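**Student:** Let me give you the structure first, and then I'll get to my questions.
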Amino acid sequence: MASAAKRVPNLYRDSVSLMQLSAKLAARPGIEQASAVMATPANLDLLAQAGLEVGRIAPGPNDLVIAVRGKDAKALESALAAAAAELEKPPAAAAGGGPAERQPGSLQMAVAKAPRANLALISVPGEYAAAEAQKALRLGLNVMLFSDNVALRDEIALKRYARARGLLLMGPDCGTAIIDGIPLGFANAVRRGSIGVVGASGTGTQQVTCLVHQRGEGISQAIGTGSHDLSADVGGITVLQGLRALARDPDTKVIVLVSKPPSPQVARRVLASARRCGKPVVVNFVGAPAASIRGTNLHAAATLDDAAFKAVALARGRAPARARRSPLPAFRPGRMAANQRYVRGLYSGGTFCYEASALLGESLGEVWSNAPVNPRLRLSDVKKSRGHTLIDLGDDEFTRGRPHPMIDFRLRNERLIAEISDPEVAVILLDVVLGHGSNPDPAAELVPVLEKARAMARRKARNVALVGFVCGTGQDPQGLARQVQALRAAGMILCDSNAQAVRLAAAIATRRR
């Protein structure tokens, strides 16, 4: 196996576009792995950990680096040439056919060009993210900080600075937001409406907003907070600001709060604020007991699905049911051997994996994971499943030197084939996430692998159920109906939500209806 790297001096691209470029290169013939990154020390370390060496090209932190590993020198040369051509594409021509307008080279230039703008989306390497966010805040801009790997002390300082000036800092590690109807980061196309969301979980926010849309209601605002906001150190600064903002917003009738369980002291502070907001608040602390959420205007939701269902009912002036469980879809997994009893989940969404671990644990007992609900059940080797295992493929240990699994399906596809070969596996559980930033055609990536997996099982006279759900809407660029049709035709049993898919997986594994 050969490797090669190319340095592009003094060129910047944001992390999402670089993940998309990396995925395109990895899909080329003869290429096993590819990564395009800004050449910060941390990113170069990640490339080395992923086995992608840059050799003697000695890139600086303002350079862009492309590293590839593949079959032979010809495949590598072709991939690097394709990357260079992609990066050298000129900006799209103006609508009138004239030259494209020059893009601003700094935040100050951007504000001068668009003086009414009030939000900056920042996606730069973590080493520079705090400084860029500080510049934006000083210019009077609210900030969505998509970047991760920002020091905790910097996050706290930025959020306190923003709060003192009446500004909102969403992030760091804020992957999803919908502001005034505009999807930001990994977000879905949903209609406007009266339900507001404050989410410390990107995929959790995506699931709720999509299910609200599918049930005929819409989203006023979806405010992301970043994954660290509800820690004891940060103290829920952005969550509390988001709750107050939606409480004041005349277009928001119902608020949904979504996160993994906060630290106890922060949870008390957040729930106290929610009780004072004067509007119904649906609370889903994923995996936390509903009994811990009390208040006349608070409505505990057991799952993301339940949160969306209750929010829709409240928006329509109805009292929501205590708990919501939609019936399982019809399924015929076929005859399975007695030793086929395990569920293996391969998730691109971290919150989906966490929710599935909590729900599956209630039904099946021990569930192993690289992001477990119970720390005792953390896998010692993420490459080896044991018993019931759910894997978050978006975790850092899988994304070093690789695009996010919502963009690049190769790692999950390889793991799916490995899991289908285990004679004790009864169910493979998958999420498929549509929307802006995600893979442009997930079904095209998954269908050949699903068909190969089913053929492998048939050759061994086994049936393995392929169960999952699609998180998306009919307005997403991938086309929800087309994705669903293709996946079902390939033998996947699709559910309406993650929670329903987990319940179905448990039913199949235990041979019950």
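Chain labels run A, B, ... following the order of the structure tokens; each chain numbers its residues from 1, and ligands are numbered from 1 in the order shown.
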From a DSSP calculation on the backbone, collect every residue of range 72-138 of chain A in alpha helix (DSSP H) and output the set as a PyMOL selection string.

**Tutor:** chain A and resi 73-87+107-113+126-138

**Student:** Please build the interface table for range 161-207 of chain A against range 140-156 of chain A with a cut-off of 12 Å, listing for each qualifying residue the nearest atom pair and the distance in Å to one decimal; count only C-alpha atoms, order rows by chain and increasing number, and write it as CSV.

**Tutor:**
```
residue,atom,partner,partner_atom,distance
A:Tyr161,CA,A:Ile156,CA,8.5
A:Ala162,CA,A:Asn142,CA,7.8
A:Arg163,CA,A:Asn142,CA,10.2
A:Ala164,CA,A:Gly140,CA,11.7
A:Arg165,CA,A:Gly140,CA,8.2
A:Gly166,CA,A:Asn142,CA,8.9
A:Leu167,CA,A:Asn142,CA,5.3
A:Leu168,CA,A:Asn142,CA,5.0
A:Leu169,CA,A:Val143,CA,4.8
A:Met170,CA,A:Met144,CA,4.6
A:Gly171,CA,A:Leu145,CA,4.8
A:Pro172,CA,A:Leu145,CA,4.9
A:Asp173,CA,A:Asp148,CA,4.4
A:Cys174,CA,A:Phe146,CA,4.8
A:Gly175,CA,A:Phe146,CA,5.6
A:Thr176,CA,A:Phe146,CA,8.3
A:Ala177,CA,A:Met144,CA,8.1
A:Ile178,CA,A:Met144,CA,10.6
A:Ile179,CA,A:Met144,CA,10.2
A:Pro183,CA,A:Met144,CA,11.7
A:Leu184,CA,A:Met144,CA,8.5
A:Gly185,CA,A:Phe146,CA,7.2
A:Phe186,CA,A:Phe146,CA,9.7
A:Gly202,CA,A:Phe146,CA,10.7
```

**Student:** Go ahead and save the picked residues with C-alpha atoms, as a PDB file, in the first residue's frame.

**Tutor:**
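Generated file (again25.pdb):
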```pdb
ATOM      1  CA  TYR A 161     -18.314  37.607  27.263  1.00  0.00           C
ATOM      2  CA  ALA A 162     -21.234  36.983  24.885  1.00  0.00           C
ATOM      3  CA  ARG A 163     -23.790  36.842  27.699  1.00  0.00           C
ATOM      4  CA  ALA A 164     -22.565  40.127  29.190  1.00  0.00           C
ATOM      5  CA  ARG A 165     -23.175  41.829  25.821  1.00  0.00           C
ATOM      6  CA  GLY A 166     -26.553  40.272  25.090  1.00  0.00           C
ATOM      7  CA  LEU A 167     -25.101  38.003  22.418  1.00  0.00           C
ATOM      8  CA  LEU A 168     -25.433  34.250  21.911  1.00  0.00           C
ATOM      9  CA  LEU A 169     -22.519  31.861  21.456  1.00  0.00           C
ATOM     10  CA  MET A 170     -23.710  28.508  20.103  1.00  0.00           C
ATOM     11  CA  GLY A 171     -20.877  26.013  20.545  1.00  0.00           C
ATOM     12  CA  PRO A 172     -18.054  25.083  20.412  1.00  0.00           C
ATOM     13  CA  ASP A 173     -18.948  21.768  18.748  1.00  0.00           C
ATOM     14  CA  CYS A 174     -22.342  23.114  17.715  1.00  0.00           C
ATOM     15  CA  GLY A 175     -23.204  20.956  14.715  1.00  0.00           C
ATOM     16  CA  THR A 176     -26.838  21.937  14.158  1.00  0.00           C
ATOM     17  CA  ALA A 177     -28.994  25.058  14.306  1.00  0.00           C
ATOM     18  CA  ILE A 178     -31.930  26.558  12.417  1.00  0.00           C
ATOM     19  CA  ILE A 179     -32.095  30.337  12.752  1.00  0.00           C
ATOM     20  CA  PRO A 183     -30.415  25.472   8.358  1.00  0.00           C
ATOM     21  CA  LEU A 184     -26.852  25.801   9.691  1.00  0.00           C
ATOM     22  CA  GLY A 185     -24.271  23.017   9.898  1.00  0.00           C
ATOM     23  CA  PHE A 186     -25.750  19.509   9.783  1.00  0.00           C
ATOM     24  CA  GLY A 202     -26.963  17.931  17.111  1.00  0.00           C
TER      25      GLY A 202
END
```

**Student:** If we count only C-alpha atoms, what is near Pro250 in chain A at a cut-off of 10 Å, once residues fewer than 5 positions away on the same chain are taken out, given as a VMD selection string?

**Tutor:** chain A and resid 194 220 245

**Student:** Return as JSON lines the residues of range 481-509 of chain A lying at most 12 Å from range 211-219 of chain A, together with the closest atom-to-atom pair for each and the distance in Å to one decimal, counting only C-alpha atoms, with rows in chain order and ascending residue number.

**Tutor:**
```
{"residue": "A:Asp496", "atom": "CA", "partner": "A:Leu211", "partner_atom": "CA", "distance": 8.5}
{"residue": "A:Ser497", "atom": "CA", "partner": "A:Leu211", "partner_atom": "CA", "distance": 8.1}
{"residue": "A:Asn498", "atom": "CA", "partner": "A:Leu211", "partner_atom": "CA", "distance": 10.9}
```

**Student:** Would you put the residues from that selection into a file with N, CA and C atoms, as a compact mmCIF listing (two decimals), in the first residue's frame?

**Tutor:**
```txt
# COMPACT_ATOMS: atom_id res chain seq x y z
N ASP A 496 -40.11 4.81 11.89
CA ASP A 496 -40.33 6.25 11.85
C ASP A 496 -39.31 7.04 12.66
N SER A 497 -38.66 6.38 13.61
CA SER A 497 -37.75 7.09 14.50
C SER A 497 -36.72 6.11 15.05
N ASN A 498 -35.72 6.68 15.72
CA ASN A 498 -34.71 5.86 16.37
C ASN A 498 -35.33 4.98 17.45
```

**Student:** Quick one: residues within 10 Å of Ala222 in chain A, only C-alpha atoms counted, chain neighbours fewer than 6 positions away excluded, as a PyMOL selection string?

**Tutor:** chain A and resi 176-184+187+195-199+205-206+208-209+242+246+255-257

**Student:** I need the chosen residues saved as an mmCIF file, in the first residue's frame, with C-alpha atoms.

**Tutor:**
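The resulting file, result37.cif, is shown below:
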```cif
data_model
loop_
_atom_site.group_PDB
_atom_site.id
_atom_site.type_symbol
_atom_site.label_atom_id
_atom_site.label_comp_id
_atom_site.auth_asym_id
_atom_site.auth_seq_id
_atom_site.Cartn_x
_atom_site.Cartn_y
_atom_site.Cartn_z
ATOM 1 C CA THR A 176 -26.838 21.937 14.158
ATOM 2 C CA ALA A 177 -28.994 25.058 14.306
ATOM 3 C CA ILE A 178 -31.930 26.558 12.417
ATOM 4 C CA ILE A 179 -32.095 30.337 12.752
ATOM 5 C CA ASP A 180 -34.956 32.273 11.139
ATOM 6 C CA GLY A 181 -35.626 29.283 8.876
ATOM 7 C CA ILE A 182 -32.002 28.917 7.707
ATOM 8 C CA PRO A 183 -30.415 25.472 8.358
ATOM 9 C CA LEU A 184 -26.852 25.801 9.691
ATOM 10 C CA ALA A 187 -29.414 20.511 9.715
ATOM 11 C CA ILE A 195 -42.096 25.075 18.154
ATOM 12 C CA GLY A 196 -38.688 26.232 19.349
ATOM 13 C CA VAL A 197 -35.813 23.897 20.213
ATOM 14 C CA VAL A 198 -32.802 24.347 22.473
ATOM 15 C CA GLY A 199 -30.462 21.451 21.807
ATOM 16 C CA THR A 205 -32.162 18.368 17.435
ATOM 17 C CA GLN A 206 -32.310 16.962 13.894
ATOM 18 C CA VAL A 208 -37.006 16.388 16.838
ATOM 19 C CA THR A 209 -37.195 19.032 14.102
ATOM 20 C CA GLY A 242 -31.769 29.981 24.582
ATOM 21 C CA LEU A 246 -37.571 31.515 23.102
ATOM 22 C CA ILE A 255 -40.203 24.917 23.674
ATOM 23 C CA VAL A 256 -38.356 21.598 23.411
ATOM 24 C CA LEU A 257 -35.162 21.072 25.414
#
```

**Student:** Out of A:Pro442, A:Gly437, A:Gly365, A:Pro104, which residue has the shortest atom-to-atom distance to Ser17 in chain A when counting only C-alpha atoms?

**Tutor:**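 Closest to Ser17 in chain A, using only C-alpha atoms: A:Gly437.
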
**Student:** For range 264-281 of chain A, find every residue with an atom within 10 Å (counting only C-alpha atoms), except residues of its own chain fewer than 3 positions away, and show them as number ranges by chain.

**Tutor:** A: 195-197, 229-237, 239-241, 243-248, 252-257, 261, 284-285, 292-300, 307, 310-311, 314-315

**Student:** Selected residues, N, CA and C atoms, written as a tab-separated table (two decimals), in the first residue's frame, please.

**Tutor:**
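Contents of part-v2.tsv, freshly written:
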```
chain	number	residue	atom	x	y	z
A	195	ILE	N	-42.84	25.90	17.19
A	195	ILE	CA	-42.10	25.08	18.15
A	195	ILE	C	-40.62	25.45	18.11
A	196	GLY	N	-40.10	25.88	19.25
A	196	GLY	CA	-38.69	26.23	19.35
A	196	GLY	C	-37.91	25.13	20.04
A	197	VAL	N	-36.65	24.96	19.66
A	197	VAL	CA	-35.81	23.90	20.21
A	197	VAL	C	-34.53	24.51	20.76
A	229	ASP	N	-22.00	22.42	26.93
A	229	ASP	CA	-22.65	23.53	27.61
A	229	ASP	C	-23.27	23.14	28.95
A	230	LEU	N	-23.81	21.94	29.06
A	230	LEU	CA	-24.50	21.53	30.28
A	230	LEU	C	-23.58	20.82	31.27
A	231	SER	N	-22.27	20.94	31.05
A	231	SER	CA	-21.32	20.42	32.04
A	231	SER	C	-21.30	21.34	33.24
A	232	ALA	N	-20.81	20.81	34.36
A	232	ALA	CA	-20.73	21.62	35.58
A	232	ALA	C	-19.82	22.83	35.38
A	233	ASP	N	-18.77	22.69	34.59
A	233	ASP	CA	-17.83	23.79	34.38
A	233	ASP	C	-18.45	24.95	33.62
A	234	VAL	N	-19.17	24.64	32.54
A	234	VAL	CA	-19.77	25.71	31.72
A	234	VAL	C	-21.05	26.23	32.35
A	235	GLY	N	-21.84	25.35	32.95
A	235	GLY	CA	-22.99	25.78	33.72
A	235	GLY	C	-24.25	26.06	32.92
A	236	GLY	N	-24.31	25.59	31.65
A	236	GLY	CA	-25.54	25.77	30.88
A	236	GLY	C	-25.78	27.20	30.41
A	237	ILE	N	-24.74	27.96	30.19
A	237	ILE	CA	-24.89	29.37	29.83
A	237	ILE	C	-25.76	29.54	28.59
A	239	VAL	N	-27.74	27.27	27.05
A	239	VAL	CA	-29.08	26.70	27.24
A	239	VAL	C	-29.99	27.70	27.93
A	240	LEU	N	-29.49	28.31	28.99
A	240	LEU	CA	-30.29	29.29	29.73
A	240	LEU	C	-30.62	30.50	28.86
A	241	GLN	N	-29.66	30.98	28.07
A	241	GLN	CA	-29.93	32.08	27.15
A	241	GLN	C	-30.97	31.68	26.10
A	243	LEU	N	-33.33	29.38	26.34
A	243	LEU	CA	-34.67	29.30	26.95
A	243	LEU	C	-35.28	30.69	27.11
A	244	ARG	N	-34.48	31.65	27.57
A	244	ARG	CA	-35.00	33.01	27.75
A	244	ARG	C	-35.36	33.64	26.41
A	245	ALA	N	-34.54	33.39	25.38
A	245	ALA	CA	-34.82	33.97	24.06
A	245	ALA	C	-36.12	33.42	23.49
A	246	LEU	N	-36.34	32.11	23.62
A	246	LEU	CA	-37.57	31.52	23.10
A	246	LEU	C	-38.78	31.89	23.95
A	247	ALA	N	-38.56	32.12	25.24
A	247	ALA	CA	-39.67	32.57	26.09
A	247	ALA	C	-40.15	33.96	25.65
A	248	ARG	N	-39.22	34.81	25.17
A	248	ARG	CA	-39.58	36.16	24.71
A	248	ARG	C	-40.09	36.19	23.28
A	252	THR	N	-42.88	31.68	19.07
A	252	THR	CA	-42.68	30.38	19.72
A	252	THR	C	-43.76	30.14	20.77
A	253	LYS	N	-44.54	29.08	20.58
A	253	LYS	CA	-45.58	28.72	21.54
A	253	LYS	C	-45.13	27.61	22.48
A	254	VAL	N	-44.29	26.72	21.98
A	254	VAL	CA	-43.83	25.55	22.75
A	254	VAL	C	-42.32	25.45	22.61
A	255	ILE	N	-41.66	25.07	23.69
A	255	ILE	CA	-40.20	24.92	23.67
A	255	ILE	C	-39.86	23.45	23.93
A	256	VAL	N	-38.88	22.95	23.18
A	256	VAL	CA	-38.36	21.60	23.41
A	256	VAL	C	-36.89	21.73	23.83
A	257	LEU	N	-36.53	21.08	24.92
A	257	LEU	CA	-35.16	21.07	25.41
A	257	LEU	C	-34.61	19.66	25.27
A	261	PRO	N	-28.06	13.70	29.64
A	261	PRO	CA	-28.28	14.16	31.01
A	261	PRO	C	-27.24	15.18	31.46
A	284	ASN	N	-36.40	16.53	27.18
A	284	ASN	CA	-35.87	15.19	26.93
A	284	ASN	C	-34.38	15.19	27.27
A	285	PHE	N	-34.07	14.78	28.50
A	285	PHE	CA	-32.69	14.51	28.88
A	285	PHE	C	-32.46	13.04	28.56
A	292	SER	N	-37.46	12.87	37.31
A	292	SER	CA	-36.61	13.97	37.76
A	292	SER	C	-37.04	15.31	37.17
A	293	ILE	N	-38.02	15.30	36.27
A	293	ILE	CA	-38.47	16.52	35.60
A	293	ILE	C	-39.88	16.85	36.10
A	294	ARG	N	-39.98	17.88	36.92
A	294	ARG	CA	-41.27	18.23	37.53
A	294	ARG	C	-41.55	19.71	37.34
A	295	GLY	N	-42.81	20.03	37.12
A	295	GLY	CA	-43.23	21.42	36.96
A	295	GLY	C	-44.54	21.47	36.20
A	296	THR	N	-45.40	22.41	36.55
A	296	THR	CA	-46.73	22.43	35.92
A	296	THR	C	-46.65	22.66	34.42
A	297	ASN	N	-45.63	23.38	33.94
A	297	ASN	CA	-45.50	23.63	32.50
A	297	ASN	C	-44.45	22.74	31.86
A	298	LEU	N	-43.87	21.83	32.64
A	298	LEU	CA	-42.84	20.93	32.11
A	298	LEU	C	-43.46	19.59	31.75
A	299	HIS	N	-43.04	19.05	30.61
A	299	HIS	CA	-43.54	17.77	30.12
A	299	HIS	C	-42.34	16.89	29.80
A	300	ALA	N	-42.13	15.88	30.63
A	300	ALA	CA	-41.01	14.98	30.43
A	300	ALA	C	-41.26	14.08	29.24
A	307	ALA	N	-40.71	13.42	22.49
A	307	ALA	CA	-40.58	14.88	22.63
A	307	ALA	C	-41.26	15.60	21.48
A	310	LYS	N	-45.15	15.21	21.78
A	310	LYS	CA	-45.74	16.07	22.81
A	310	LYS	C	-45.70	17.54	22.40
A	311	ALA	N	-44.62	17.96	21.75
A	311	ALA	CA	-44.53	19.35	21.30
A	311	ALA	C	-45.62	19.67	20.28
A	314	LEU	N	-49.01	19.97	22.09
A	314	LEU	CA	-49.10	21.22	22.83
A	314	LEU	C	-49.27	22.41	21.89
A	315	ALA	N	-48.59	22.39	20.75
A	315	ALA	CA	-48.72	23.48	19.78
A	315	ALA	C	-50.14	23.55	19.22
```

**Student:** Measuring atom to atom with only C-alpha atoms, identify which of A:Ala67, A:Leu21, A:Ala58, A:Ala79 is nearest to Ala5 in chain A.

**Tutor:**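 Ranking A:Ala67, A:Leu21, A:Ala58, A:Ala79 by distance to Ala5 in chain A, first place goes to A:Ala67.
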
**Student:** For Glu445 in chain A, please output as a PyMOL selection string all residues within 12 Å (counting only C-alpha atoms; exclusion window: fewer than 3 positions along the same chain).

**Tutor:** chain A and resi 23+27+405-414+432+439-442+448-451+483+486-487+490

**Student:** For the selection just defined, write its residues with N, CA and C atoms to a file, as a CSV table (one decimal), in the first residue's frame.

**Tutor:**
```
chain,number,residue,atom,x,y,z
A,23,ALA,N,-14.2,12.7,1.4
A,23,ALA,CA,-15.1,11.6,1.0
A,23,ALA,C,-15.0,11.4,-0.5
A,27,ALA,N,-13.5,7.8,-2.3
A,27,ALA,CA,-14.4,7.0,-3.2
A,27,ALA,C,-13.7,6.7,-4.6
A,405,PRO,N,-18.9,10.2,9.6
A,405,PRO,CA,-19.7,9.1,8.9
A,405,PRO,C,-21.0,9.5,8.3
A,406,MET,N,-21.5,10.7,8.6
A,406,MET,CA,-22.7,11.2,7.9
A,406,MET,C,-22.3,11.6,6.5
A,407,ILE,N,-21.1,11.8,6.2
A,407,ILE,CA,-20.6,12.2,4.9
A,407,ILE,C,-20.0,10.9,4.2
A,408,ASP,N,-19.1,10.2,4.9
A,408,ASP,CA,-18.3,9.1,4.3
A,408,ASP,C,-18.8,7.8,5.0
A,409,PHE,N,-19.4,6.9,4.2
A,409,PHE,CA,-20.0,5.7,4.7
A,409,PHE,C,-19.0,4.5,4.7
A,410,ARG,N,-17.8,4.7,4.2
A,410,ARG,CA,-16.9,3.6,4.0
A,410,ARG,C,-16.6,2.8,5.3
A,411,LEU,N,-16.3,3.5,6.4
A,411,LEU,CA,-16.0,2.8,7.6
A,411,LEU,C,-17.2,2.0,8.2
A,412,ARG,N,-18.4,2.6,8.1
A,412,ARG,CA,-19.6,1.9,8.6
A,412,ARG,C,-19.9,0.7,7.6
A,413,ASN,N,-19.7,0.9,6.4
A,413,ASN,CA,-20.0,-0.2,5.4
A,413,ASN,C,-19.1,-1.4,5.7
A,414,GLU,N,-17.8,-1.1,6.0
A,414,GLU,CA,-16.8,-2.2,6.3
A,414,GLU,C,-17.2,-2.9,7.6
A,432,VAL,N,-29.8,6.7,9.3
A,432,VAL,CA,-29.5,7.3,8.0
A,432,VAL,C,-29.9,8.8,8.1
A,439,ASN,N,-24.1,13.3,3.5
A,439,ASN,CA,-23.9,12.6,2.2
A,439,ASN,C,-25.0,12.9,1.2
A,440,PRO,N,-24.7,13.3,-0.1
A,440,PRO,CA,-25.7,13.7,-1.0
A,440,PRO,C,-26.6,12.6,-1.4
A,441,ASP,N,-26.2,11.3,-1.2
A,441,ASP,CA,-27.1,10.2,-1.6
A,441,ASP,C,-26.8,9.0,-0.8
A,442,PRO,N,-27.2,9.0,0.5
A,442,PRO,CA,-26.9,7.8,1.4
A,442,PRO,C,-27.3,6.5,0.9
A,448,PRO,N,-25.7,-1.1,-2.0
A,448,PRO,CA,-24.8,-2.3,-2.4
A,448,PRO,C,-24.3,-3.1,-1.3
A,449,VAL,N,-24.1,-2.4,-0.1
A,449,VAL,CA,-23.6,-3.1,1.0
A,449,VAL,C,-24.7,-3.9,1.7
A,450,LEU,N,-25.9,-3.4,1.8
A,450,LEU,CA,-27.0,-4.1,2.3
A,450,LEU,C,-27.3,-5.4,1.5
A,451,GLU,N,-27.2,-5.2,0.2
A,451,GLU,CA,-27.4,-6.4,-0.7
A,451,GLU,C,-26.4,-7.4,-0.5
A,483,GLN,N,-34.9,8.0,-0.9
A,483,GLN,CA,-34.0,7.3,0.0
A,483,GLN,C,-34.8,6.1,0.6
A,486,ALA,N,-35.4,3.3,-1.9
A,486,ALA,CA,-34.2,2.5,-2.3
A,486,ALA,C,-33.8,1.6,-1.1
A,487,LEU,N,-33.8,2.1,0.1
A,487,LEU,CA,-33.4,1.3,1.2
A,487,LEU,C,-34.4,0.1,1.5
A,490,ALA,N,-33.8,-2.7,-0.8
A,490,ALA,CA,-32.6,-3.4,-0.5
A,490,ALA,C,-32.8,-4.3,0.7
```

**Student:** Considering only strand (DSSP E or B) as DSSP defines it on the backbone, what residues of range 70-154 of chain A qualify? List them as a ChimeraX atom specification.

**Tutor:** /A:70,119-122,142-145

**Student:** What separation in Å, quoted to one decimal, exists between CA of Pro289 in chain A and CA of Leu390 in chain A?

**Tutor:**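 Here the two named atoms are 21.0 Å from each other.
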
**Student:** Which one is closest to Arg325 in chain A: A:Ile57, A:Asp305, A:Val65, A:His404? Count only C-alpha atoms.

**Tutor:**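 For Arg325 in chain A, the nearest of the given residues is A:Asp305.
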
**Student:** Using only C-alpha atoms, which residues sit within 8 Å of range 339-348 of chain A once same-chain residues fewer than 4 positions away are excluded, as a ChimeraX atom specification?

**Tutor:** /A:352-353,385,387-394,404-406,412,415-416,419,423-433,505-506,509-510

**Student:** Go ahead and write the selection's residues with C-alpha atoms as a PDB file, in the first residue's frame.

**Tutor:**
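Dumped to result21.pdb:
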```pdb
ATOM      1  CA  PHE A 352     -28.976   8.273  18.515  1.00  0.00           C
ATOM      2  CA  CYS A 353     -26.405   5.783  19.788  1.00  0.00           C
ATOM      3  CA  SER A 385     -18.150  -6.193  19.425  1.00  0.00           C
ATOM      4  CA  GLY A 387     -22.948  -9.289  23.109  1.00  0.00           C
ATOM      5  CA  HIS A 388     -25.301  -6.450  22.295  1.00  0.00           C
ATOM      6  CA  THR A 389     -23.052  -3.665  20.988  1.00  0.00           C
ATOM      7  CA  LEU A 390     -23.858  -0.167  19.735  1.00  0.00           C
ATOM      8  CA  ILE A 391     -21.092   1.899  18.137  1.00  0.00           C
ATOM      9  CA  ASP A 392     -20.964   5.672  17.713  1.00  0.00           C
ATOM     10  CA  LEU A 393     -18.923   5.953  14.518  1.00  0.00           C
ATOM     11  CA  GLY A 394     -18.803   9.733  14.870  1.00  0.00           C
ATOM     12  CA  HIS A 404     -17.642  12.297   9.562  1.00  0.00           C
ATOM     13  CA  PRO A 405     -19.696   9.110   8.947  1.00  0.00           C
ATOM     14  CA  MET A 406     -22.708  11.236   7.896  1.00  0.00           C
ATOM     15  CA  ARG A 412     -19.589   1.870   8.555  1.00  0.00           C
ATOM     16  CA  ARG A 415     -18.046  -2.725   9.904  1.00  0.00           C
ATOM     17  CA  LEU A 416     -21.488  -3.818   8.687  1.00  0.00           C
ATOM     18  CA  GLU A 419     -20.908  -7.779  11.918  1.00  0.00           C
ATOM     19  CA  PRO A 423     -23.214 -16.131  13.516  1.00  0.00           C
ATOM     20  CA  GLU A 424     -24.680 -14.808  16.792  1.00  0.00           C
ATOM     21  CA  VAL A 425     -26.004 -11.571  15.278  1.00  0.00           C
ATOM     22  CA  ALA A 426     -29.767 -11.306  14.779  1.00  0.00           C
ATOM     23  CA  VAL A 427     -30.178  -7.583  14.017  1.00  0.00           C
ATOM     24  CA  ILE A 428     -28.082  -4.819  12.484  1.00  0.00           C
ATOM     25  CA  LEU A 429     -29.358  -1.392  13.577  1.00  0.00           C
ATOM     26  CA  LEU A 430     -28.574   1.708  11.471  1.00  0.00           C
ATOM     27  CA  ASP A 431     -29.363   5.403  11.291  1.00  0.00           C
ATOM     28  CA  VAL A 432     -29.466   7.320   8.001  1.00  0.00           C
ATOM     29  CA  VAL A 433     -29.209  11.097   8.390  1.00  0.00           C
ATOM     30  CA  ALA A 505     -34.639  -4.580  17.063  1.00  0.00           C
ATOM     31  CA  ALA A 506     -35.304  -5.768  20.621  1.00  0.00           C
ATOM     32  CA  ALA A 509     -33.751 -10.334  18.935  1.00  0.00           C
ATOM     33  CA  THR A 510     -36.098 -11.820  21.535  1.00  0.00           C
TER      34      THR A 510
END
```

**Student:** Determine the nearest neighbour of Arg13 in chain A from the options A:Leu46, A:Ala499, A:Ala189, A:Val124, counting only C-alpha atoms.

**Tutor:**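 For Arg13 in chain A, the nearest of the candidates is A:Val124.
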
**Student:** Closest to Val447 in chain A among A:Gly491, A:Pro61, A:Gly468, A:Pro477, using only C-alpha atoms?

**Tutor:**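 Residue with the minimum atom-to-atom distance to Val447 in chain A: A:Gly491.
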
**Student:** Quick check, in Å to one decimal: how far apart do CA of Met336 in chain A and CA of Gln500 in chain A lie?

**Tutor:** 21.6 Å
